[in-house]
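Heads up, input_38.csv below (CSV, C-alpha atoms):
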```csv
chain,number,residue,atom,x,y,z
A,18,MET,CA,-42.4,-25.4,4.1
A,19,PHE,CA,-40.4,-22.9,6.2
A,20,GLU,CA,-40.0,-23.2,10.0
A,21,CYS,CA,-38.9,-21.0,12.8
A,22,LYS,CA,-35.3,-22.3,12.5
A,23,ASP,CA,-35.2,-21.1,8.8
A,24,VAL,CA,-36.4,-17.6,9.9
A,25,ALA,CA,-33.6,-17.5,12.6
A,26,GLU,CA,-31.0,-18.4,10.0
A,27,GLU,CA,-32.2,-16.1,7.3
A,28,ALA,CA,-33.4,-13.1,9.3
A,29,SER,CA,-30.7,-10.7,8.1
A,30,ASN,CA,-31.1,-11.8,4.4
A,31,TYR,CA,-34.8,-11.5,4.8
A,32,LEU,CA,-34.6,-8.0,6.2
A,33,GLU,CA,-32.1,-6.9,3.6
A,34,GLY,CA,-34.3,-8.3,0.8
A,35,ASP,CA,-31.4,-10.6,-0.3
A,36,LEU,CA,-33.3,-13.8,-0.9
A,37,PRO,CA,-34.6,-15.6,-3.9
A,38,LEU,CA,-38.3,-14.8,-4.4
A,39,GLY,CA,-39.6,-18.3,-3.5
A,40,LYS,CA,-37.7,-18.3,-0.2
A,41,ARG,CA,-38.7,-14.8,0.6
A,42,ILE,CA,-42.4,-15.5,0.1
A,43,GLY,CA,-42.1,-18.8,2.0
A,44,LEU,CA,-40.6,-17.0,5.0
A,45,PHE,CA,-43.1,-14.2,4.7
A,46,PHE,CA,-46.0,-16.7,5.0
A,47,HIS,CA,-44.4,-18.4,8.0
A,48,ILE,CA,-43.8,-15.0,9.7
A,49,VAL,CA,-47.5,-14.0,9.1
A,50,ILE,CA,-48.8,-17.1,10.9
A,51,CYS,CA,-46.0,-17.3,13.6
A,52,SER,CA,-46.1,-14.7,16.4
A,53,CYS,CA,-42.7,-15.9,17.7
A,54,CYS,CA,-41.0,-15.3,14.4
A,55,ARG,CA,-42.7,-11.9,14.1
A,56,ALA,CA,-41.3,-11.0,17.5
A,57,TYR,CA,-37.9,-12.4,16.6
A,58,ILE,CA,-37.8,-10.3,13.4
A,59,GLN,CA,-38.9,-7.2,15.3
A,60,GLN,CA,-36.1,-7.9,17.9
A,61,ILE,CA,-33.4,-8.3,15.2
A,62,ARG,CA,-34.6,-5.0,13.6
A,63,GLN,CA,-34.4,-3.3,17.0
A,64,THR,CA,-31.0,-4.7,17.5
A,65,ILE,CA,-29.7,-3.3,14.2
A,66,ARG,CA,-31.1,0.1,15.0
A,67,THR,CA,-29.9,0.1,18.6
A,68,VAL,CA,-26.3,-1.0,17.7
A,69,GLY,CA,-26.4,1.9,15.1
A,70,VAL,CA,-27.1,4.3,18.0
A,71,VAL,CA,-24.6,2.8,20.4
A,72,LYS,CA,-21.9,2.6,17.7
A,73,PRO,CA,-19.4,0.5,19.6
A,74,ARG,CA,-15.8,1.1,18.5
A,75,GLU,CA,-12.7,-1.1,18.3
A,76,GLN,CA,-10.6,-1.3,21.4
A,77,ALA,CA,-7.4,0.6,20.5
A,78,ASN,CA,-4.3,1.3,22.6
A,79,VAL,CA,-3.5,4.4,20.7
A,80,ASP,CA,-3.0,8.0,21.8
A,81,THR,CA,-5.1,9.7,19.2
A,82,GLN,CA,-3.5,13.1,19.8
A,83,ALA,CA,0.1,11.7,19.6
A,84,LEU,CA,-0.6,9.8,16.4
A,85,ALA,CA,-2.3,12.8,14.8
A,86,GLU,CA,0.8,14.9,15.7
A,87,GLN,CA,3.2,12.3,14.4
A,88,LEU,CA,1.3,12.2,11.1
A,89,ARG,CA,1.2,15.9,10.9
A,90,ALA,CA,5.0,16.1,11.4
A,91,LEU,CA,5.5,13.5,8.7
A,92,SER,CA,3.3,15.4,6.3
A,93,LYS,CA,5.3,18.6,6.9
A,94,LYS,CA,8.6,16.7,6.4
A,95,ASP,CA,7.4,15.3,3.1
A,96,SER,CA,6.1,18.6,1.7
B,14,MET,CA,-21.3,4.7,0.3
B,15,LYS,CA,-25.0,5.0,0.6
B,16,LYS,CA,-24.9,8.7,1.5
B,17,ASN,CA,-23.0,11.0,-0.8
B,18,HIS,CA,-24.3,14.5,-0.5
B,19,ALA,CA,-22.7,17.4,-2.3
B,20,SER,CA,-22.1,19.2,1.0
B,21,ALA,CA,-20.3,16.2,2.4
B,22,SER,CA,-18.0,16.2,-0.6
B,23,THR,CA,-17.3,19.9,-0.2
B,24,ASP,CA,-16.6,19.4,3.5
B,25,GLU,CA,-14.2,16.6,2.6
B,26,LYS,CA,-12.4,18.8,0.1
B,27,THR,CA,-11.9,21.4,2.8
B,28,LEU,CA,-10.7,18.7,5.2
B,29,ILE,CA,-8.2,17.4,2.7
B,30,ALA,CA,-6.9,20.9,2.0
B,31,LYS,CA,-6.4,21.4,5.7
B,32,LEU,CA,-4.5,18.2,6.1
B,33,ILE,CA,-2.2,19.1,3.2
B,34,GLU,CA,-1.7,22.5,4.9
B,35,GLY,CA,-0.7,20.6,8.1
B,36,ASP,CA,-3.6,21.8,10.2
B,37,ALA,CA,-3.4,20.1,13.6
B,38,ALA,CA,-7.1,20.0,14.3
B,39,ALA,CA,-7.7,18.3,10.9
B,40,PHE,CA,-5.2,15.6,11.7
B,41,GLU,CA,-6.8,15.0,15.1
B,42,PHE,CA,-10.2,14.8,13.5
B,43,VAL,CA,-9.3,12.2,10.9
B,44,VAL,CA,-7.4,10.0,13.4
B,45,THR,CA,-10.4,10.2,15.8
B,46,GLU,CA,-12.9,9.5,13.1
B,47,TYR,CA,-11.2,6.8,11.1
B,48,HIS,CA,-8.6,5.0,13.2
B,49,SER,CA,-11.1,2.7,14.8
B,50,ILE,CA,-12.7,1.5,11.5
B,51,MET,CA,-9.2,1.1,9.9
B,52,LEU,CA,-8.3,-1.1,12.8
B,53,ALA,CA,-11.5,-3.1,12.4
B,54,VAL,CA,-10.6,-3.8,8.8
B,55,SER,CA,-7.0,-4.6,9.6
B,56,ARG,CA,-7.9,-7.0,12.4
B,57,ALA,CA,-10.5,-8.7,10.2
B,58,ILE,CA,-7.9,-9.4,7.5
B,59,VAL,CA,-4.6,-10.0,9.2
B,60,GLY,CA,-5.6,-10.8,12.8
B,61,GLU,CA,-4.8,-9.1,16.1
B,62,ALA,CA,-1.0,-9.6,16.1
B,63,PHE,CA,-0.2,-7.4,13.1
B,64,ALA,CA,-3.2,-5.2,12.9
B,65,ASP,CA,-1.8,-2.1,14.7
B,66,GLU,CA,1.3,-2.2,12.6
B,67,VAL,CA,-0.7,-2.4,9.4
B,68,VAL,CA,-2.9,0.5,10.4
B,69,GLN,CA,0.2,2.6,11.3
B,70,ASP,CA,1.7,1.9,7.9
B,71,ALA,CA,-1.6,2.7,6.2
B,72,TRP,CA,-1.7,6.1,7.9
B,73,ILE,CA,1.8,6.8,6.8
B,74,SER,CA,1.1,5.8,3.2
B,75,ALA,CA,-2.1,7.8,3.1
B,76,ILE,CA,-0.5,10.9,4.4
B,77,LYS,CA,2.3,10.7,1.9
B,78,ALA,CA,-0.2,10.0,-0.9
B,79,LEU,CA,-2.7,12.6,0.2
B,80,PRO,CA,-1.6,15.4,-2.2
B,81,ASN,CA,-2.4,13.0,-5.1
B,82,PHE,CA,-5.8,11.9,-3.7
B,83,GLU,CA,-8.3,12.4,-6.5
B,84,GLY,CA,-11.5,12.2,-4.6
B,85,ARG,CA,-13.0,9.3,-6.7
B,86,SER,CA,-14.2,7.8,-3.4
B,87,SER,CA,-14.7,9.3,0.0
B,88,LEU,CA,-11.6,9.8,2.2
B,89,LYS,CA,-12.9,7.0,4.5
B,90,THR,CA,-13.2,4.5,1.7
B,91,TRP,CA,-9.8,5.5,0.3
B,92,LEU,CA,-8.2,5.0,3.8
B,93,LEU,CA,-9.9,1.6,4.1
B,94,HIS,CA,-8.6,0.5,0.7
B,95,ILE,CA,-5.1,1.4,1.7
B,96,THR,CA,-5.5,-0.4,5.0
B,97,SER,CA,-7.0,-3.4,3.3
B,98,ASN,CA,-4.2,-3.6,0.7
B,99,GLY,CA,-1.6,-3.4,3.4
B,100,ALA,CA,-3.3,-6.0,5.5
B,101,LYS,CA,-3.6,-8.4,2.5
B,102,THR,CA,0.0,-8.0,1.7
B,103,ARG,CA,0.9,-8.7,5.3
B,104,LEU,CA,-1.4,-11.7,5.4
B,105,ARG,CA,0.3,-13.2,2.3
B,106,ARG,CA,3.7,-12.6,3.9
B,107,GLU,CA,2.6,-14.3,7.2
B,108,SER,CA,0.6,-17.0,5.3
B,109,ARG,CA,-2.0,-17.1,7.9
B,110,GLN,CA,-5.4,-18.5,7.1
B,111,LEU,CA,-8.6,-17.3,8.6
B,112,SER,CA,-11.6,-19.5,8.7
B,113,LEU,CA,-15.3,-18.8,8.7
B,114,ASP,CA,-16.0,-22.2,10.2
B,115,ASP,CA,-16.3,-21.6,13.9
B,116,GLY,CA,-19.2,-23.9,14.6
B,117,TRP,CA,-21.7,-21.0,14.6
B,118,GLN,CA,-25.5,-21.5,14.8
B,119,ALA,CA,-28.1,-18.7,14.5
B,120,GLU,CA,-29.5,-19.8,17.8
B,121,PRO,CA,-28.8,-22.9,19.9
B,122,GLY,CA,-30.4,-26.0,18.3
B,123,SER,CA,-32.1,-26.7,21.7
B,124,LYS,CA,-34.4,-23.7,21.0
B,125,PHE,CA,-36.2,-25.6,18.3
B,126,ASP,CA,-38.0,-29.0,18.2
B,127,HIS,CA,-37.2,-31.7,15.7
B,128,THR,CA,-39.6,-30.1,13.2
B,129,GLY,CA,-37.7,-26.7,13.4
B,130,HIS,CA,-40.4,-25.0,15.4
B,131,ARG,CA,-39.5,-22.9,18.4
B,132,ILE,CA,-40.1,-24.6,21.8
B,133,ASP,CA,-40.5,-21.4,23.8
B,134,ASP,CA,-42.5,-18.3,22.9
B,135,VAL,CA,-40.7,-15.2,21.8
B,136,LEU,CA,-42.3,-12.1,23.0
B,137,PRO,CA,-41.8,-8.7,21.2
B,138,TRP,CA,-39.7,-6.2,23.1
B,139,ASN,CA,-42.1,-3.6,24.4
B,140,VAL,CA,-40.1,-0.7,23.2
B,141,ASP,CA,-40.3,1.2,19.9
B,142,THR,CA,-37.0,3.0,19.6
B,143,PRO,CA,-33.4,2.4,20.4
B,144,GLU,CA,-33.4,5.3,22.7
B,145,ALA,CA,-36.2,3.7,24.8
B,146,LEU,CA,-34.3,0.4,24.8
B,147,LEU,CA,-31.1,2.2,25.9
B,148,GLU,CA,-32.9,4.0,28.8
B,149,ASN,CA,-30.9,1.7,31.1
B,150,ASP,CA,-27.3,2.6,30.7
B,151,GLN,CA,-26.2,-0.9,31.6
B,152,LEU,CA,-27.6,-2.2,28.3
B,153,ARG,CA,-25.2,0.1,26.4
B,154,GLN,CA,-22.3,-1.6,28.3
B,155,VAL,CA,-23.8,-5.0,27.5
B,156,ILE,CA,-23.8,-4.1,23.8
B,157,GLU,CA,-20.3,-2.7,23.9
B,158,HIS,CA,-19.0,-5.8,25.7
B,159,SER,CA,-20.8,-8.2,23.3
B,160,TYR,CA,-19.4,-6.3,20.3
B,161,GLN,CA,-15.8,-6.6,21.7
B,162,GLN,CA,-16.3,-10.4,22.0
B,163,LEU,CA,-17.2,-10.8,18.4
B,164,PRO,CA,-14.6,-12.3,16.0
B,165,ALA,CA,-12.7,-9.5,14.2
B,166,ASN,CA,-14.2,-10.3,10.8
B,167,GLN,CA,-17.8,-10.0,12.2
B,168,ARG,CA,-17.0,-6.7,13.9
B,169,ALA,CA,-15.6,-5.3,10.7
B,170,VAL,CA,-18.7,-6.3,8.6
B,171,LEU,CA,-21.1,-5.1,11.2
B,172,THR,CA,-19.3,-1.8,11.7
B,173,MET,CA,-19.1,-1.1,8.0
B,174,TYR,CA,-22.6,-2.2,7.1
B,175,ASP,CA,-24.8,-1.4,10.1
B,176,MET,CA,-22.9,1.6,11.5
B,177,GLU,CA,-21.1,3.2,8.6
B,178,GLY,CA,-23.5,2.6,5.8
B,179,PHE,CA,-21.1,1.0,3.3
B,180,GLU,CA,-22.6,-1.0,0.4
B,181,MET,CA,-22.1,-4.8,0.7
B,182,THR,CA,-20.0,-4.9,-2.6
B,183,GLU,CA,-17.6,-2.3,-1.2
B,184,ILE,CA,-17.3,-4.3,2.1
B,185,CYS,CA,-16.6,-7.5,0.1
B,186,ASN,CA,-14.0,-5.6,-1.9
B,187,ILE,CA,-12.2,-4.1,1.1
B,188,LEU,CA,-12.3,-7.2,3.3
B,189,ASP,CA,-11.7,-9.6,0.4
B,190,LEU,CA,-14.8,-11.6,1.1
B,191,SER,CA,-17.4,-13.3,-1.1
B,192,SER,CA,-20.9,-11.8,-0.8
B,193,SER,CA,-22.3,-14.9,0.8
B,194,ASN,CA,-19.5,-15.0,3.4
B,195,ALA,CA,-20.0,-11.3,4.3
B,196,ARG,CA,-23.7,-11.8,4.7
B,197,VAL,CA,-23.1,-14.8,7.0
B,198,LEU,CA,-20.7,-12.7,9.1
B,199,LEU,CA,-23.2,-9.9,9.3
B,200,HIS,CA,-26.0,-12.2,10.5
B,201,ARG,CA,-23.7,-13.9,13.0
B,202,ALA,CA,-22.7,-10.5,14.5
B,203,ARG,CA,-26.3,-9.3,14.6
B,204,THR,CA,-27.5,-12.5,16.2
B,205,ALA,CA,-24.8,-12.4,18.9
B,206,LEU,CA,-25.7,-8.8,19.8
B,207,HIS,CA,-29.4,-9.7,19.7
B,208,HIS,CA,-28.7,-12.6,22.0
B,209,SER,CA,-26.9,-10.4,24.5
B,210,ILE,CA,-29.7,-7.8,24.5
B,211,ASP,CA,-32.4,-10.4,24.9
B,212,LYS,CA,-30.5,-12.1,27.7
B,213,TYR,CA,-30.0,-8.8,29.5
B,214,ARG,CA,-33.7,-7.9,29.2
B,215,GLU,CA,-34.7,-11.3,30.6
B,216,SER,CA,-32.5,-11.0,33.6
```

If you convert what's in this file into structure tokens, what do you get?
Amino acid sequence: MFECKDVAEEASNYLEGDLPLGKRIGLFFHIVICSCCRAYIQQIRQTIRTVGVVKPREQANVDTQALAEQLRALSKKDS
Amino acid sequence: MKKNHASASTDEKTLIAKLIEGDAAAFEFVVTEYHSIMLAVSRAIVGEAFADEVVQDAWISAIKALPNFEGRSSLKTWLLHITSNGAKTRLRRESRQLSLDDGWQAEPGSKFDHTGHRIDDVLPWNVDTPEALLENDQLRQVIEHSYQQLPANQRAVLTMYDMEGFEMTEICNILDLSSSNARVLLHRARTALHHSIDKYRES
């Protein structure tokens, strides 16, 4: 018998379809009868899509132009 | 990669040719596009202290090896493998160990009763699209901030899987993770970001 806590722990694997069949079916039936878990799964799905839109990047203390120029100079030296 | 269209491969061949020719705009493009994800991979493997150095060395190795690039993978995947190899070598040298065990829980235990049921109701977010959710600009900042707070290995897996569309096997290969560990890291990252969005929406 699967509970809300199991859904919270397996939400990503559930959404990716990466679970053994028995567990997937068990979670599915729990989600069908539990509105909280339906909402939770919807929120995780929205989170994934939203992060994909925001696309946060690593904090980097690098001058992109300067690095590009250094690499270009290096490539010319090597060729 | 999930997406591998013929046009993308042609574009990439042109890009590589321009890099070999020494085209300044091409160099700026690749650094802008790929430096961040290379840094994510490096930080995930070797940690903050040596990450910048590893990426710098990876760029130099890549530029030197570029004329021999055979295009068996995308340029991005190739760059990430060079970064990953450099980071792993550095890690061995520094003998540092990274641990997955940071006392993580999907959600605080206090949200569930002793039977594992939720104590409080969860209500669906009343928005259908990310754009609607992001109507408030502050939420974007909340997500950015929450992302920066994630451990480096979670940021790397999340970036590669949810933003860049890498296959899980490729991620495991590049980051030297088992499939189950990579999935745990992905879920932890998603859960942390979900938590920050949910908290913001409640406030």

For this session: Could you list the residues in chain A lying within 6 Å of chain B, using only C-alpha atoms, and format the result as number ranges by chain?
Result: A: 20-22, 25-26, 29, 53, 56, 64, 67, 69, 73, 75, 85, 89

Problem set entry | Spatial sel., origin (-6.1, -3.7, 11.6), limit 8 Å, all atoms listed in the file, listed as number ranges by chain | B: 51-61, 63-68, 96, 100

Exercise. Got a sec: who's within 7 Å of segment 185-191 of chain B, counting only C-alpha atoms, leaving out chain neighbours fewer than 4 positions off, as a PyMOL selection string?
Worked result: chain B and resi 54+58+93-94+97+181+195

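Here atom CA of Ile184 of chain B and atom CA of Val79 of chain A stand 24.7 Å from one another.
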
For this session: Can you work out the spacing between atom CA of Lys93 of chain A and atom CA of Tyr47 of chain B in Å, to one decimal?
Result: 20.7 Å

Any idea what's packed within 12 Å of Gly34 of chain A, counting only C-alpha atoms, ignoring anything in its chain fewer than 5 positions away? Could you give it as an mmCIF file with C-alpha atoms, in the coordinates of the input?
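So part-v1.cif came out as:
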```
data_model
loop_
_atom_site.group_PDB
_atom_site.id
_atom_site.type_symbol
_atom_site.label_atom_id
_atom_site.label_comp_id
_atom_site.auth_asym_id
_atom_site.auth_seq_id
_atom_site.Cartn_x
_atom_site.Cartn_y
_atom_site.Cartn_z
ATOM 1 C CA GLU A 27 -32.200 -16.100 7.300
ATOM 2 C CA ALA A 28 -33.400 -13.100 9.300
ATOM 3 C CA SER A 29 -30.700 -10.700 8.100
ATOM 4 C CA LYS A 40 -37.700 -18.300 -0.200
ATOM 5 C CA ARG A 41 -38.700 -14.800 0.600
ATOM 6 C CA ILE A 42 -42.400 -15.500 0.100
ATOM 7 C CA LEU A 44 -40.600 -17.000 5.000
ATOM 8 C CA PHE A 45 -43.100 -14.200 4.700
ATOM 9 C CA ARG B 196 -23.700 -11.800 4.700
#
```

Seminar exercise, completed: In Å and to one decimal, atom CA of Gln63 of chain A is distant from atom CA of Glu180 of chain B by 20.5 Å

For this session: Rank A:Val68, A:Gln76, A:Gly43, A:Leu36 by their smallest atom-to-atom distance to Val155 of chain B, using all atoms listed in the file, and report the top residue only.
Result: A:Val68
